[in-house]
Amino acid sequence: MQIPNTQPSPLGTTAVSDMASWKKPLKGIALTATLAVLAGRIAEAPFFSIMGIMIISIMLGVLWKSVMDIPVGASIGITFSSKFLLRAGIILMGVRLNLNQILNAGMRVVFIDIIVIAFTLTIMIFLGKWLRVDKTLGVLIAVGTAVCGAAAIVAVAPLIGAKKEQTAISIACIAILGTIGAVFYIFLYPYLGLDPYTYGVFAGSTLHELAHVIAAGVPGGDIGSETAILVKLGRVALLIPVALVLSYFYRSGERTETDKKSWRNLPVPWFIFGFLAMSLVNTTGLLPSSIIHFLIAASVFLMSIAMAGLGLSINMTDFKKVGRNTIVMAIVGFVALTILGQVLISVFY
C-alpha cells in the first residue's frame with residue numbers, strides 16, 4: 001500500500017515563506033510611521049516648529065525606546081526604515097533644489113556657501129582632533145553644522161562607517177544648537193543693522209537645519225525668509241561634493257597607498273546621485289508645482305520615518321558617551337561660523 005505524500009510541496013513552502021518575508025518589516029515600519037505622524041502634529045506647535053518634524057521624530061524614537069522598549073518582531077522594519085526609507089527620502093529631497101535659482105541669486109551667494117562649508121569643515125575637524133573627539137563623531141557634527149543639519153549627517157554617516165549611536169548623538173547636538181541659534185537670531189535681528197536681504201543671507205549661510213533657517217528668517221519678512229531659504233538650499237546643493245570628498249578620506253576599512261591616490265576607488269553613494277538627478281529634474285521645469293510639493297512632502301515624511309527608526313535603535317545611555325569636548329567642539333564651531341557670517345556679509349555686501 002502506497003503511503004500518500006503529506007509533505008507540503010516546495011512551491012507552496014516558497015510561497016508561504018515569501019509571504020512571511022513581506023510581513024516581517026510591517027510592524028516596525030508601522031511603528032516608525034506612527035511616530036513620524038505624531039512628530040508632524042507636534043511640529044505644528046509654535047515653539048516645536050523651530051525644531052522641525054525630523055528632529056522631533058528622532059526624539060520620539062529615543063523616548064519610546066527608553067520607556068516602552070521595542071515590540072517583538074519590529075526590529076526588521078525599524079532597520080528597513082532607518083536605512084532604505086532614509087535613502088529614498090534623501091533622493092526625493094533633491095527636488096527642493098532648482099539649480100537655476102541658486103545660480104541666478106548671484107555668484108556672491110555661491111561663493112559665500114562654498115566659503116562657509118570649507119571654513120566650517122576645516123575648523124571643526126581641526127578642533128575635533130585637538131580636543132580628541134572621536135574622529136567619526138567629529139566629522140558628523142562638522143558636516144551637520146557646515147551643510148544642512150540632520151540631512152547631511154544621515155547622508156554622510158554610511159559613507160564613513162558611522163555607528164547608529166554616533167549618528168543620533170550628532171543629530172541631537174545639531175538640533176539643540178540650531179534651535180538655540182534660531183531663537184537667538186530672532187531676538188538679535190533688530191541689533192544687527194542688516195536689511196532684510198542681507199539678514200536672510202546671514203541666517204541661510206550660518207544656521208544648521210532648514211527648519212531653523214525658516215524660523216529665523218521670519219523677522220526679515222518675505223524678502224528675508226525667501227533669501228534665507230535660497231542661500232540654505234545652496235548649501236544643500238553642495239552636499240554632493242562634500243559627501244564624496246568625506247567618503248574618500250574617512251571611509252572605513254584599510255586602504256593601500258594606491259587606493260589613496262586613486263579616485264576611481266571611491267565608493268559610489270547611489271542615493272546621493274539620485275538626489276542630484278531629482279534636482280536636475282526640478283531644474284528642467286518639466287514637473288508641475290503640485291507634483292513638486294507632493295514630492296517634497298513625501299521626502300520630509302520618509303526622512304521623518306527614518307529618524308524615528310534611528311531613535312528606536314539607540315539607548316539613552318549612548319548620550320552619556322558624548323563628553324564635554326564634543327559639546328565644546330560643536331559650540332565653538334557654531335560660534336566661529338556665526339562670526340564668519342558677519343564677516344562675509346561685510347565683505348560681499
# chains A, B, ... in the order shown; residues from 1 in each chain; ligands from 1
$ closest_atom_pairs --of "range 190-235 of chain A" --to "range 72-96 of chain A" --cutoff "12 Å" --atoms "only C-alpha atoms" --output "CSV"
residue,atom,partner,partner_atom,distance
A:Leu210,CA,A:Arg96,CA,11.2
A:Ile229,CA,A:Arg96,CA,10.5
A:Leu230,CA,A:Arg96,CA,10.2
A:Lys232,CA,A:Arg96,CA,11.1
A:Leu233,CA,A:Arg96,CA,7.8
A:Gly234,CA,A:Arg96,CA,10.6
$ write_last_selection --atoms "C-alpha atoms" --output "PDB file, in the first residue's frame"
ATOM      1  CA  LEU A 210      16.260  74.211   7.002  1.00  0.00           C
ATOM      2  CA  ILE A 229      15.877  79.572   2.248  1.00  0.00           C
ATOM      3  CA  LEU A 230      17.582  80.129  -1.116  1.00  0.00           C
ATOM      4  CA  LYS A 232      20.395  77.460   2.639  1.00  0.00           C
ATOM      5  CA  LEU A 233      19.417  75.399  -0.399  1.00  0.00           C
ATOM      6  CA  GLY A 234      22.715  76.429  -1.974  1.00  0.00           C
TER       7      GLY A 234
END
$ residues_around --residues "Ile117 in chain A" --least-positions-apart "2" --cutoff "12 Å" --atoms "only C-alpha atoms" --output "CSV table (one decimal) with N, CA, C and O atoms, in the first residue's frame"
chain,number,residue,atom,x,y,z
A,110,VAL,N,26.8,82.0,-4.0
A,110,VAL,CA,27.5,80.7,-4.3
A,110,VAL,C,28.9,80.7,-3.5
A,110,VAL,O,29.2,79.8,-2.9
A,111,PHE,N,29.6,81.8,-3.7
A,111,PHE,CA,30.9,81.9,-3.0
A,111,PHE,C,30.8,81.9,-1.5
A,111,PHE,O,31.6,81.2,-0.8
A,112,ILE,N,29.7,82.6,-1.0
A,112,ILE,CA,29.5,82.5,0.5
A,112,ILE,C,29.3,81.1,1.0
A,112,ILE,O,29.8,80.7,2.0
A,113,ASP,N,28.4,80.4,0.2
A,113,ASP,CA,28.1,79.0,0.6
A,113,ASP,C,29.4,78.1,0.6
A,113,ASP,O,29.6,77.3,1.5
A,114,ILE,N,30.2,78.3,-0.4
A,114,ILE,CA,31.4,77.5,-0.6
A,114,ILE,C,32.4,77.8,0.6
A,114,ILE,O,32.9,76.9,1.2
A,115,ILE,N,32.5,79.1,0.8
A,115,ILE,CA,33.5,79.5,1.9
A,115,ILE,C,33.0,79.0,3.3
A,115,ILE,O,33.8,78.5,4.1
A,119,PHE,N,35.3,76.5,5.4
A,119,PHE,CA,35.8,77.0,6.6
A,119,PHE,C,35.3,76.2,7.8
A,119,PHE,O,36.1,75.8,8.7
A,120,THR,N,34.0,75.9,7.8
A,120,THR,CA,33.4,75.2,9.0
A,120,THR,C,34.0,73.8,9.1
A,120,THR,O,34.3,73.3,10.2
A,121,LEU,N,34.0,73.1,8.0
A,121,LEU,CA,34.6,71.7,8.0
A,121,LEU,C,36.0,71.7,8.5
A,121,LEU,O,36.4,70.9,9.3
A,122,THR,N,36.8,72.6,8.0
A,122,THR,CA,38.2,72.7,8.3
A,122,THR,C,38.4,73.0,9.8
A,122,THR,O,39.2,72.3,10.5
A,123,ILE,N,37.7,74.0,10.3
A,123,ILE,CA,37.9,74.5,11.7
A,123,ILE,C,37.4,73.4,12.6
A,123,ILE,O,38.0,73.0,13.6
A,124,MET,N,36.2,72.8,12.3
A,124,MET,CA,35.6,71.8,13.3
A,124,MET,C,36.4,70.5,13.3
A,124,MET,O,36.5,69.9,14.3
A,125,ILE,N,36.8,70.1,12.1
A,125,ILE,CA,37.6,68.8,12.1
A,125,ILE,C,38.9,69.0,12.9
A,125,ILE,O,39.4,68.1,13.6
A,142,ALA,N,30.6,68.2,12.3
A,142,ALA,CA,31.1,69.2,11.4
A,142,ALA,C,30.3,69.3,10.1
A,142,ALA,O,30.0,70.5,9.7
A,143,VAL,N,30.0,68.2,9.5
A,143,VAL,CA,29.2,68.3,8.3
A,143,VAL,C,27.8,68.7,8.5
A,143,VAL,O,27.1,69.4,7.7
A,144,GLY,N,27.2,68.4,9.7
A,144,GLY,CA,25.9,68.8,10.1
A,144,GLY,C,25.8,70.3,10.3
A,144,GLY,O,24.9,71.0,9.9
A,145,THR,N,26.9,70.9,10.8
A,145,THR,CA,27.0,72.3,11.0
A,145,THR,C,27.2,73.1,9.7
A,145,THR,O,26.7,74.1,9.5
A,146,ALA,N,28.1,72.5,8.9
A,146,ALA,CA,28.5,73.2,7.7
A,146,ALA,C,27.5,73.1,6.6
A,146,ALA,O,27.4,74.1,5.8
A,147,VAL,N,26.8,72.0,6.4
A,147,VAL,CA,25.9,71.8,5.2
A,147,VAL,C,24.4,72.0,5.6
A,147,VAL,O,23.9,73.1,5.4
A,148,CYS,N,23.8,71.0,6.1
A,148,CYS,CA,22.4,71.0,6.2
A,148,CYS,C,21.9,70.1,7.3
A,148,CYS,O,20.9,69.4,7.2
A,152,ALA,N,22.4,66.2,6.2
A,152,ALA,CA,23.8,65.9,5.8
A,152,ALA,C,24.4,64.8,6.6
A,152,ALA,O,25.2,64.0,6.1
A,205,SER,N,23.1,81.2,5.6
A,205,SER,CA,24.5,80.7,5.5
A,205,SER,C,25.1,80.2,6.8
A,205,SER,O,26.2,79.6,6.8
A,206,THR,N,24.4,80.4,7.9
A,206,THR,CA,25.0,80.0,9.2
A,206,THR,C,24.2,79.1,10.1
A,206,THR,O,24.8,78.4,10.9
A,207,LEU,N,22.9,79.0,9.9
A,207,LEU,CA,22.1,78.1,10.7
A,207,LEU,C,22.2,76.6,10.2
A,207,LEU,O,22.4,76.4,9.0
A,208,HIS,N,21.9,75.7,11.0
A,208,HIS,CA,22.1,74.3,10.7
A,208,HIS,C,21.0,73.7,9.8
A,208,HIS,O,21.2,73.3,8.7
A,232,LYS,N,20.3,78.8,2.0
A,232,LYS,CA,20.4,77.5,2.6
A,232,LYS,C,20.4,76.3,1.6
A,232,LYS,O,21.1,75.4,1.7
A,234,GLY,N,21.4,76.5,-1.3
A,234,GLY,CA,22.7,76.4,-2.0
A,234,GLY,C,23.7,75.5,-1.2
A,234,GLY,O,24.5,74.8,-1.8
A,235,ARG,N,23.6,75.6,0.1
A,235,ARG,CA,24.5,74.7,0.9
A,235,ARG,C,24.0,73.3,0.8
A,235,ARG,O,24.9,72.4,0.7
A,236,VAL,N,22.7,73.0,0.7
A,236,VAL,CA,22.2,71.7,0.4
A,236,VAL,C,22.7,71.1,-0.9
A,236,VAL,O,23.1,70.0,-1.0
A,237,ALA,N,22.8,72.0,-1.9
A,237,ALA,CA,23.3,71.5,-3.2
A,237,ALA,C,24.7,71.1,-3.1
A,237,ALA,O,25.2,70.2,-3.9
A,238,LEU,N,25.5,71.6,-2.2
A,238,LEU,CA,26.9,71.3,-2.1
A,238,LEU,C,27.1,70.0,-1.2
A,238,LEU,O,28.2,69.6,-1.0
A,239,LEU,N,26.0,69.4,-0.8
A,239,LEU,CA,26.1,68.2,-0.1
A,239,LEU,C,26.8,67.1,-0.9
A,239,LEU,O,27.5,66.2,-0.4
A,241,PRO,N,29.2,67.1,-3.5
A,241,PRO,CA,30.7,67.1,-3.4
A,241,PRO,C,31.3,66.9,-2.1
A,241,PRO,O,32.3,66.2,-1.9
A,242,VAL,N,30.6,67.4,-1.0
A,242,VAL,CA,31.1,67.3,0.3
A,242,VAL,C,31.1,65.8,0.7
A,242,VAL,O,32.0,65.2,1.3
A,243,ALA,N,29.9,65.1,0.4
A,243,ALA,CA,29.8,63.7,0.8
A,243,ALA,C,30.9,62.8,0.0
A,243,ALA,O,31.4,61.9,0.6
A,333,GLY,N,32.5,75.7,17.1
A,333,GLY,CA,32.3,75.6,15.6
A,333,GLY,C,31.2,76.5,15.2
A,333,GLY,O,31.3,77.3,14.2
A,334,PHE,N,30.1,76.5,15.9
A,334,PHE,CA,28.9,77.3,15.5
A,334,PHE,C,29.2,78.8,15.8
A,334,PHE,O,28.8,79.6,14.9
A,337,LEU,N,31.3,80.0,13.0
A,337,LEU,CA,30.5,80.1,11.8
A,337,LEU,C,29.7,81.4,11.8
A,337,LEU,O,29.6,82.1,10.8
A,340,LEU,N,32.0,84.3,11.1
A,340,LEU,CA,32.4,84.2,9.7
A,340,LEU,C,31.2,84.8,8.9
A,340,LEU,O,31.5,85.6,7.9
A,341,GLY,N,30.0,84.5,9.2
A,341,GLY,CA,28.8,85.0,8.5
A,341,GLY,C,28.8,86.5,8.5
A,341,GLY,O,28.5,87.2,7.5
$ residues_around --residues "range 52-64 of chain A" --least-positions-apart "5" --cutoff "9 Å" --atoms "only C-alpha atoms" --output "number ranges by chain"
A: 32, 35-44, 69-70, 150, 168, 171-172, 175, 209-212, 300-301, 303-316
$ residues_around --residues "Gly193 in chain A" --least-positions-apart "2" --cutoff "12 Å" --atoms "only C-alpha atoms" --output "PyMOL selection string"
chain A and resi 188-191+195-199+202+220+342+345-346
$ closest_residue --among "A:Gly138, A:Gly217, A:Pro25, A:Gly149" --to "Val322 in chain A" --atoms "only C-alpha atoms"
A:Gly138
$ atom_distance --atom1 "CA of Ser290 in chain A" --atom2 "CA of Pro46 in chain A"
26.2 Å
$ closest_residue --among "A:Ala157, A:Leu287, A:Leu137, A:Ile292" --to "Cys173 in chain A" --atoms "only C-alpha atoms"
A:Leu137
$ atom_distance --atom1 "CA of Thr136 in chain A" --atom2 "CA of Val116 in chain A"
20.8 Å
$ atom_distance --atom1 "CA of Ala45 in chain A" --atom2 "CA of Ser170 in chain A"
24.5 Å
$ closest_residue --among "A:Val139, A:Ala33, A:Val332, A:Ser247" --to "Ile160 in chain A" --atoms "only C-alpha atoms"
A:Ser247
$ select_by_dssp --residues "range 65-155 of chain A" --states "helix (DSSP H, G or I)" --output "PyMOL selection string"
chain A and resi 65-67+75-96+99-104+107-130+135-155
$ closest_residue --among "A:Ile240, A:Val201, A:Ile141, A:Ala298" --to "Ser279 in chain A" --atoms "only C-alpha atoms"
A:Ile240
$ decode --residues "range 142-165 of chain A" --atoms "N, CA, C and O atoms" --output "PDB file, in the first residue's frame"
ATOM      1  N   ALA A 142      30.613  68.178  12.280  1.00  0.00           N
ATOM      2  CA  ALA A 142      31.149  69.207  11.387  1.00  0.00           C
ATOM      3  C   ALA A 142      30.305  69.340  10.125  1.00  0.00           C
ATOM      4  O   ALA A 142      29.952  70.450   9.707  1.00  0.00           O
ATOM      5  N   VAL A 143      29.956  68.215   9.512  1.00  0.00           N
ATOM      6  CA  VAL A 143      29.192  68.274   8.262  1.00  0.00           C
ATOM      7  C   VAL A 143      27.758  68.722   8.534  1.00  0.00           C
ATOM      8  O   VAL A 143      27.139  69.414   7.709  1.00  0.00           O
ATOM      9  N   GLY A 144      27.215  68.367   9.705  1.00  0.00           N
ATOM     10  CA  GLY A 144      25.883  68.832  10.068  1.00  0.00           C
ATOM     11  C   GLY A 144      25.848  70.333  10.263  1.00  0.00           C
ATOM     12  O   GLY A 144      24.875  71.004   9.888  1.00  0.00           O
ATOM     13  N   THR A 145      26.894  70.889  10.840  1.00  0.00           N
ATOM     14  CA  THR A 145      26.990  72.332  11.047  1.00  0.00           C
ATOM     15  C   THR A 145      27.250  73.059   9.737  1.00  0.00           C
ATOM     16  O   THR A 145      26.671  74.112   9.463  1.00  0.00           O
ATOM     17  N   ALA A 146      28.101  72.501   8.908  1.00  0.00           N
ATOM     18  CA  ALA A 146      28.534  73.180   7.691  1.00  0.00           C
ATOM     19  C   ALA A 146      27.503  73.140   6.578  1.00  0.00           C
ATOM     20  O   ALA A 146      27.356  74.109   5.827  1.00  0.00           O
ATOM     21  N   VAL A 147      26.775  72.026   6.436  1.00  0.00           N
ATOM     22  CA  VAL A 147      25.936  71.842   5.250  1.00  0.00           C
ATOM     23  C   VAL A 147      24.450  71.996   5.570  1.00  0.00           C
ATOM     24  O   VAL A 147      23.883  73.065   5.382  1.00  0.00           O
ATOM     25  N   CYS A 148      23.820  70.962   6.059  1.00  0.00           N
ATOM     26  CA  CYS A 148      22.360  71.043   6.232  1.00  0.00           C
ATOM     27  C   CYS A 148      21.850  70.135   7.349  1.00  0.00           C
ATOM     28  O   CYS A 148      20.896  69.388   7.161  1.00  0.00           O
ATOM     29  N   GLY A 149      22.516  70.172   8.497  1.00  0.00           N
ATOM     30  CA  GLY A 149      21.998  69.514   9.682  1.00  0.00           C
ATOM     31  C   GLY A 149      21.832  68.018   9.565  1.00  0.00           C
ATOM     32  O   GLY A 149      22.703  67.307   9.053  1.00  0.00           O
ATOM     33  N   ALA A 150      20.669  67.537  10.021  1.00  0.00           N
ATOM     34  CA  ALA A 150      20.411  66.097  10.090  1.00  0.00           C
ATOM     35  C   ALA A 150      20.494  65.432   8.724  1.00  0.00           C
ATOM     36  O   ALA A 150      20.991  64.314   8.601  1.00  0.00           O
ATOM     37  N   ALA A 151      19.995  66.103   7.674  1.00  0.00           N
ATOM     38  CA  ALA A 151      20.028  65.512   6.334  1.00  0.00           C
ATOM     39  C   ALA A 151      21.457  65.222   5.889  1.00  0.00           C
ATOM     40  O   ALA A 151      21.737  64.176   5.299  1.00  0.00           O
ATOM     41  N   ALA A 152      22.365  66.155   6.166  1.00  0.00           N
ATOM     42  CA  ALA A 152      23.771  65.947   5.797  1.00  0.00           C
ATOM     43  C   ALA A 152      24.386  64.829   6.622  1.00  0.00           C
ATOM     44  O   ALA A 152      25.156  64.009   6.105  1.00  0.00           O
ATOM     45  N   ILE A 153      24.046  64.779   7.897  1.00  0.00           N
ATOM     46  CA  ILE A 153      24.611  63.754   8.780  1.00  0.00           C
ATOM     47  C   ILE A 153      24.194  62.360   8.329  1.00  0.00           C
ATOM     48  O   ILE A 153      25.031  61.464   8.199  1.00  0.00           O
ATOM     49  N   VAL A 154      22.900  62.173   8.080  1.00  0.00           N
ATOM     50  CA  VAL A 154      22.430  60.833   7.700  1.00  0.00           C
ATOM     51  C   VAL A 154      22.885  60.454   6.298  1.00  0.00           C
ATOM     52  O   VAL A 154      22.986  59.268   5.975  1.00  0.00           O
ATOM     53  N   ALA A 155      23.178  61.448   5.446  1.00  0.00           N
ATOM     54  CA  ALA A 155      23.684  61.128   4.111  1.00  0.00           C
ATOM     55  C   ALA A 155      25.148  60.711   4.154  1.00  0.00           C
ATOM     56  O   ALA A 155      25.564  59.803   3.427  1.00  0.00           O
ATOM     57  N   VAL A 156      25.927  61.345   5.023  1.00  0.00           N
ATOM     58  CA  VAL A 156      27.359  61.075   5.094  1.00  0.00           C
ATOM     59  C   VAL A 156      27.665  59.871   5.986  1.00  0.00           C
ATOM     60  O   VAL A 156      28.641  59.147   5.736  1.00  0.00           O
ATOM     61  N   ALA A 157      26.845  59.646   7.019  1.00  0.00           N
ATOM     62  CA  ALA A 157      27.122  58.598   8.016  1.00  0.00           C
ATOM     63  C   ALA A 157      27.469  57.236   7.414  1.00  0.00           C
ATOM     64  O   ALA A 157      28.493  56.644   7.780  1.00  0.00           O
ATOM     65  N   PRO A 158      26.652  56.694   6.489  1.00  0.00           N
ATOM     66  CA  PRO A 158      27.010  55.371   5.954  1.00  0.00           C
ATOM     67  C   PRO A 158      28.262  55.384   5.086  1.00  0.00           C
ATOM     68  O   PRO A 158      28.910  54.352   4.913  1.00  0.00           O
ATOM     69  N   LEU A 159      28.612  56.533   4.557  1.00  0.00           N
ATOM     70  CA  LEU A 159      29.777  56.626   3.683  1.00  0.00           C
ATOM     71  C   LEU A 159      31.085  56.604   4.457  1.00  0.00           C
ATOM     72  O   LEU A 159      32.137  56.273   3.903  1.00  0.00           O
ATOM     73  N   ILE A 160      31.029  56.972   5.751  1.00  0.00           N
ATOM     74  CA  ILE A 160      32.260  56.980   6.556  1.00  0.00           C
ATOM     75  C   ILE A 160      32.216  55.904   7.644  1.00  0.00           C
ATOM     76  O   ILE A 160      33.043  55.904   8.552  1.00  0.00           O
ATOM     77  N   GLY A 161      31.236  55.006   7.562  1.00  0.00           N
ATOM     78  CA  GLY A 161      31.153  53.892   8.504  1.00  0.00           C
ATOM     79  C   GLY A 161      30.745  54.284   9.905  1.00  0.00           C
ATOM     80  O   GLY A 161      31.179  53.662  10.880  1.00  0.00           O
ATOM     81  N   ALA A 162      29.888  55.299  10.042  1.00  0.00           N
ATOM     82  CA  ALA A 162      29.453  55.747  11.368  1.00  0.00           C
ATOM     83  C   ALA A 162      28.470  54.763  11.993  1.00  0.00           C
ATOM     84  O   ALA A 162      27.680  54.126  11.301  1.00  0.00           O
ATOM     85  N   LYS A 163      28.517  54.647  13.308  1.00  0.00           N
ATOM     86  CA  LYS A 163      27.577  53.816  14.041  1.00  0.00           C
ATOM     87  C   LYS A 163      26.283  54.578  14.284  1.00  0.00           C
ATOM     88  O   LYS A 163      26.254  55.808  14.234  1.00  0.00           O
ATOM     89  N   LYS A 164      25.216  53.833  14.591  1.00  0.00           N
ATOM     90  CA  LYS A 164      23.915  54.472  14.793  1.00  0.00           C
ATOM     91  C   LYS A 164      23.944  55.468  15.942  1.00  0.00           C
ATOM     92  O   LYS A 164      23.359  56.550  15.860  1.00  0.00           O
ATOM     93  N   GLU A 165      24.605  55.093  17.046  1.00  0.00           N
ATOM     94  CA  GLU A 165      24.630  56.000  18.187  1.00  0.00           C
ATOM     95  C   GLU A 165      25.406  57.275  17.874  1.00  0.00           C
ATOM     96  O   GLU A 165      25.064  58.363  18.347  1.00  0.00           O
TER      97      GLU A 165
END
